[in-house]
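Novice: Below is one structure. I have some questions about it.
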Amino acid sequence: MTTRDLLETLISFDTVSRNPNRELMDFVRGWLAEQGIESLLIPNEDGSKANLYATVPGIAADGGIMLSGHTDVVPIDGQDWTLPAFRLTERDGRYYGRGTADMKGFVACAMTAMSKASQQPLQVPLHLALSYDEEIGCVGVRSLVEHLSNQSVQPRLCLVGEPTELSVAIRHKGKRGIHATFIGREGHSALAPQNLNAIHLACDFIAHLREVQAQLAAPYAGQDHSKVPYTTVHAGLINGGTALNIVPNRCTVAFEIRNVAEDDPDELLERIQTFARERVAREQPRIPEASVSFDLFNEYPGLSTPEDSWAVEFVKSLTGANGCSEVAFGTEAGMFSSRLDIPSVVCGPGSMSQGHKPDEYISIDQMMQCEDMLDRLLARMCNPDGL
């Protein structure tokens, strides 16, 4: 199968994060087996989803390079697609379909590289790591990270192929996702002042989040904010109340912190929690049951790979890049870097400006450039002095 054929097949699997990905992983595993490449599936608890880890051995058993990608995609619900989302369409030098850019295009290129590697005298191993549920907070990759942590030898470099238009990205923010639940006292809305409206408490909290965000952005006043170079605080969901004539006694706010490497997210979260607790405490002499609680439901670390590191210089030599970049979105690179201490770089075909949108696409030229980059990688891996 050509890389295009592989992409066409990968797109045909509806691997929106809420759905299983086993059919896709079974296809990948079977295809790798046809190339003589062994792979391991690491399933979730009910077996409906899995990570995959495969290796093409080298003359030396240690180190090697790991190509990493996720297999889940974001939903198409509510989007106005003019082309079939789960069938590849080739038009005007582009491949259209959900996941073409983010990031099945890279996965197809990586699979082709694994096949080529199996026919070449690699000096060190080439690894392929595919995950599930990246789009909902780098959830699935955690069991893969745990598996790798138990191995005696780690890859020397991880290349995460998220869409960067093949620029070499070495930084991205970390994330904390938190539920804040406020408890008040219910009652008839005609007697609202005698009770405690939990939604009002939540609104005061959200106003504080906006103040915190303004403080974080203030040092960058007058600068280009297009790439949002500072830590962000954002309330994304609020849920409370049952009827208009009932004072609500419960309200939950889902909010997030996306922190740059220089900011401590735990310190920032403690500041935010302190405000909420002090706000609720003012109500407790009158309403003793008033309270607020916090639940950290998701987190992943940021990425900050030194620009002068061997890993960065090596990937730059594959792409011909002179400089480095950073991405606004989170990736699994931070997990590999912080949890396993594997130097990690984000570099892949396509642009995130096409990701998560209707009629998502990747240019054929970007796919070809990615294949060329991975061919150069294989050439270096076959050269005793190439790494």
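A note on labels: chains of the structure tokens are A, B, ... as shown, every chain counts residues from 1, and ligands are counted from 1 in their shown order.
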Enumerate, as a list in words, the complete set of residues in region 286-359 of chain A that a backbone-based DSSP assignment places in strand (DSSP E or B).
Specialist: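 Checking each residue of region 286-359 of chain A, the strand (DSSP E or B) ones are Ser291, Val292, Ser293, Phe294, Asp295, Leu296, Phe297, Asn298, Glu299, Tyr300, Leu303, Ser304, Ser325, Glu326, Ser344, Val345, Val346 and Ser351 of chain A.
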Novice: Kindly export the residues of the current selection with all heavy atoms, as a short mmCIF file (atom, residue, chain, number, x, y, z; two decimals), in the first residue's frame.
Specialist:
```cif
data_model
loop_
_atom_site.label_atom_id
_atom_site.label_comp_id
_atom_site.auth_asym_id
_atom_site.auth_seq_id
_atom_site.Cartn_x
_atom_site.Cartn_y
_atom_site.Cartn_z
N SER A 291 -20.36 25.70 50.57
CA SER A 291 -19.03 25.10 50.40
C SER A 291 -18.59 25.19 48.95
O SER A 291 -19.39 25.49 48.05
CB SER A 291 -19.03 23.64 50.85
OG SER A 291 -19.82 22.85 49.98
N VAL A 292 -17.33 24.90 48.74
CA VAL A 292 -16.79 24.76 47.39
C VAL A 292 -15.77 23.63 47.42
O VAL A 292 -15.03 23.47 48.40
CB VAL A 292 -16.13 26.06 46.88
CG1 VAL A 292 -14.98 26.51 47.77
CG2 VAL A 292 -15.65 25.89 45.44
N SER A 293 -15.77 22.83 46.38
CA SER A 293 -14.80 21.74 46.27
C SER A 293 -14.21 21.73 44.87
O SER A 293 -14.82 22.24 43.92
CB SER A 293 -15.47 20.39 46.58
OG SER A 293 -16.52 20.13 45.66
N PHE A 294 -13.04 21.15 44.76
CA PHE A 294 -12.33 21.14 43.48
C PHE A 294 -11.94 19.71 43.11
O PHE A 294 -11.53 18.93 43.96
CB PHE A 294 -11.07 22.01 43.55
CG PHE A 294 -11.36 23.47 43.74
CD1 PHE A 294 -11.48 23.99 45.03
CD2 PHE A 294 -11.54 24.31 42.66
CE1 PHE A 294 -11.76 25.34 45.22
CE2 PHE A 294 -11.81 25.66 42.85
CZ PHE A 294 -11.92 26.17 44.12
N ASP A 295 -12.08 19.41 41.83
CA ASP A 295 -11.71 18.09 41.32
C ASP A 295 -10.84 18.28 40.09
O ASP A 295 -11.29 18.81 39.07
CB ASP A 295 -12.97 17.29 40.96
CG ASP A 295 -12.64 16.00 40.23
OD1 ASP A 295 -11.65 15.36 40.59
OD2 ASP A 295 -13.38 15.64 39.29
N LEU A 296 -9.58 17.86 40.19
CA LEU A 296 -8.67 17.90 39.05
C LEU A 296 -8.95 16.68 38.19
O LEU A 296 -8.60 15.56 38.56
CB LEU A 296 -7.22 17.90 39.54
CG LEU A 296 -6.13 17.89 38.46
CD1 LEU A 296 -6.12 19.19 37.68
CD2 LEU A 296 -4.76 17.64 39.09
N PHE A 297 -9.60 16.87 37.04
CA PHE A 297 -10.02 15.72 36.24
C PHE A 297 -9.10 15.43 35.07
O PHE A 297 -9.21 14.36 34.45
CB PHE A 297 -11.46 15.90 35.74
CG PHE A 297 -11.67 17.07 34.81
CD1 PHE A 297 -11.48 16.93 33.45
CD2 PHE A 297 -12.11 18.30 35.30
CE1 PHE A 297 -11.69 18.00 32.58
CE2 PHE A 297 -12.32 19.36 34.44
CZ PHE A 297 -12.10 19.21 33.07
N ASN A 298 -8.20 16.34 34.75
CA ASN A 298 -7.27 16.06 33.67
C ASN A 298 -6.06 16.98 33.79
O ASN A 298 -6.19 18.14 34.19
CB ASN A 298 -7.93 16.25 32.30
CG ASN A 298 -6.99 15.92 31.16
OD1 ASN A 298 -6.51 16.80 30.46
ND2 ASN A 298 -6.71 14.64 30.97
N GLU A 299 -4.90 16.45 33.42
CA GLU A 299 -3.70 17.28 33.38
C GLU A 299 -2.68 16.63 32.46
O GLU A 299 -2.64 15.40 32.31
CB GLU A 299 -3.09 17.46 34.77
CG GLU A 299 -2.61 16.19 35.43
CD GLU A 299 -1.90 16.44 36.74
OE1 GLU A 299 -1.15 17.44 36.82
OE2 GLU A 299 -2.10 15.66 37.69
N TYR A 300 -1.90 17.44 31.82
CA TYR A 300 -0.73 16.94 31.11
C TYR A 300 0.34 18.02 31.14
O TYR A 300 0.05 19.21 31.23
CB TYR A 300 -1.05 16.52 29.68
CG TYR A 300 -1.64 17.58 28.78
CD1 TYR A 300 -0.86 18.60 28.23
CD2 TYR A 300 -2.99 17.54 28.44
CE1 TYR A 300 -1.40 19.56 27.40
CE2 TYR A 300 -3.54 18.50 27.60
CZ TYR A 300 -2.74 19.49 27.08
OH TYR A 300 -3.28 20.44 26.25
N LEU A 303 5.80 21.19 27.30
CA LEU A 303 7.05 20.77 26.66
C LEU A 303 7.98 21.96 26.59
O LEU A 303 7.57 23.05 26.19
CB LEU A 303 6.78 20.24 25.25
CG LEU A 303 8.02 19.85 24.42
CD1 LEU A 303 8.66 18.59 24.99
CD2 LEU A 303 7.64 19.66 22.96
N SER A 304 9.23 21.74 26.97
CA SER A 304 10.24 22.78 26.84
C SER A 304 11.58 22.09 26.61
O SER A 304 12.34 21.85 27.54
CB SER A 304 10.29 23.67 28.09
OG SER A 304 11.21 24.72 27.92
N SER A 325 10.25 26.64 16.72
CA SER A 325 8.96 27.29 16.96
C SER A 325 8.32 26.68 18.20
O SER A 325 8.87 25.78 18.83
CB SER A 325 8.05 27.11 15.74
OG SER A 325 7.73 25.74 15.55
N GLU A 326 7.16 27.19 18.55
CA GLU A 326 6.35 26.59 19.60
C GLU A 326 4.92 26.49 19.10
O GLU A 326 4.53 27.18 18.15
CB GLU A 326 6.40 27.39 20.88
CG GLU A 326 5.92 28.83 20.76
CD GLU A 326 6.13 29.58 22.07
OE1 GLU A 326 5.23 29.49 22.93
OE2 GLU A 326 7.17 30.23 22.23
N SER A 344 12.11 15.25 23.30
CA SER A 344 10.98 15.19 22.39
C SER A 344 10.84 16.48 21.59
O SER A 344 11.06 17.58 22.11
CB SER A 344 9.68 14.93 23.16
OG SER A 344 9.77 13.70 23.89
N VAL A 345 10.45 16.32 20.35
CA VAL A 345 10.26 17.43 19.41
C VAL A 345 8.96 17.19 18.66
O VAL A 345 8.61 16.05 18.34
CB VAL A 345 11.44 17.52 18.42
CG1 VAL A 345 11.18 18.57 17.36
CG2 VAL A 345 12.73 17.83 19.17
N VAL A 346 8.22 18.27 18.38
CA VAL A 346 6.98 18.17 17.62
C VAL A 346 7.25 18.65 16.20
O VAL A 346 7.69 19.79 16.00
CB VAL A 346 5.86 19.02 18.26
CG1 VAL A 346 4.54 18.85 17.51
CG2 VAL A 346 5.69 18.65 19.73
N SER A 351 -1.18 21.69 8.83
CA SER A 351 -1.31 22.83 9.73
C SER A 351 -2.51 22.65 10.63
O SER A 351 -3.58 22.21 10.17
CB SER A 351 -1.46 24.12 8.94
OG SER A 351 -1.82 25.20 9.77
#
```
Novice: Work out how far apart CA of Leu122 (chain A) and CA of Ile59 (chain A) are and give it in Å to one decimal.
Specialist: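 Straight-line distance from CA of Leu122 (chain A) to CA of Ile59 (chain A) works out to 6.3 Å.
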Novice: Under the rule that only C-alpha atoms are counted, which of A:Pro358, A:Met103, A:Arg171, A:Ser152 is the nearest residue to Cys324 (chain A)?
Specialist: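 Of A:Pro358, A:Met103, A:Arg171, A:Ser152, the one nearest Cys324 (chain A), counting only C-alpha atoms, is A:Arg171.
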Novice: With distances taken over only C-alpha atoms, which residue among A:Leu40, A:Glu270, A:Tyr132, A:Gly97 lies nearest Pro20 (chain A)?
Specialist: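 Using only C-alpha atoms, the shortest distance to Pro20 (chain A) belongs to A:Tyr132.
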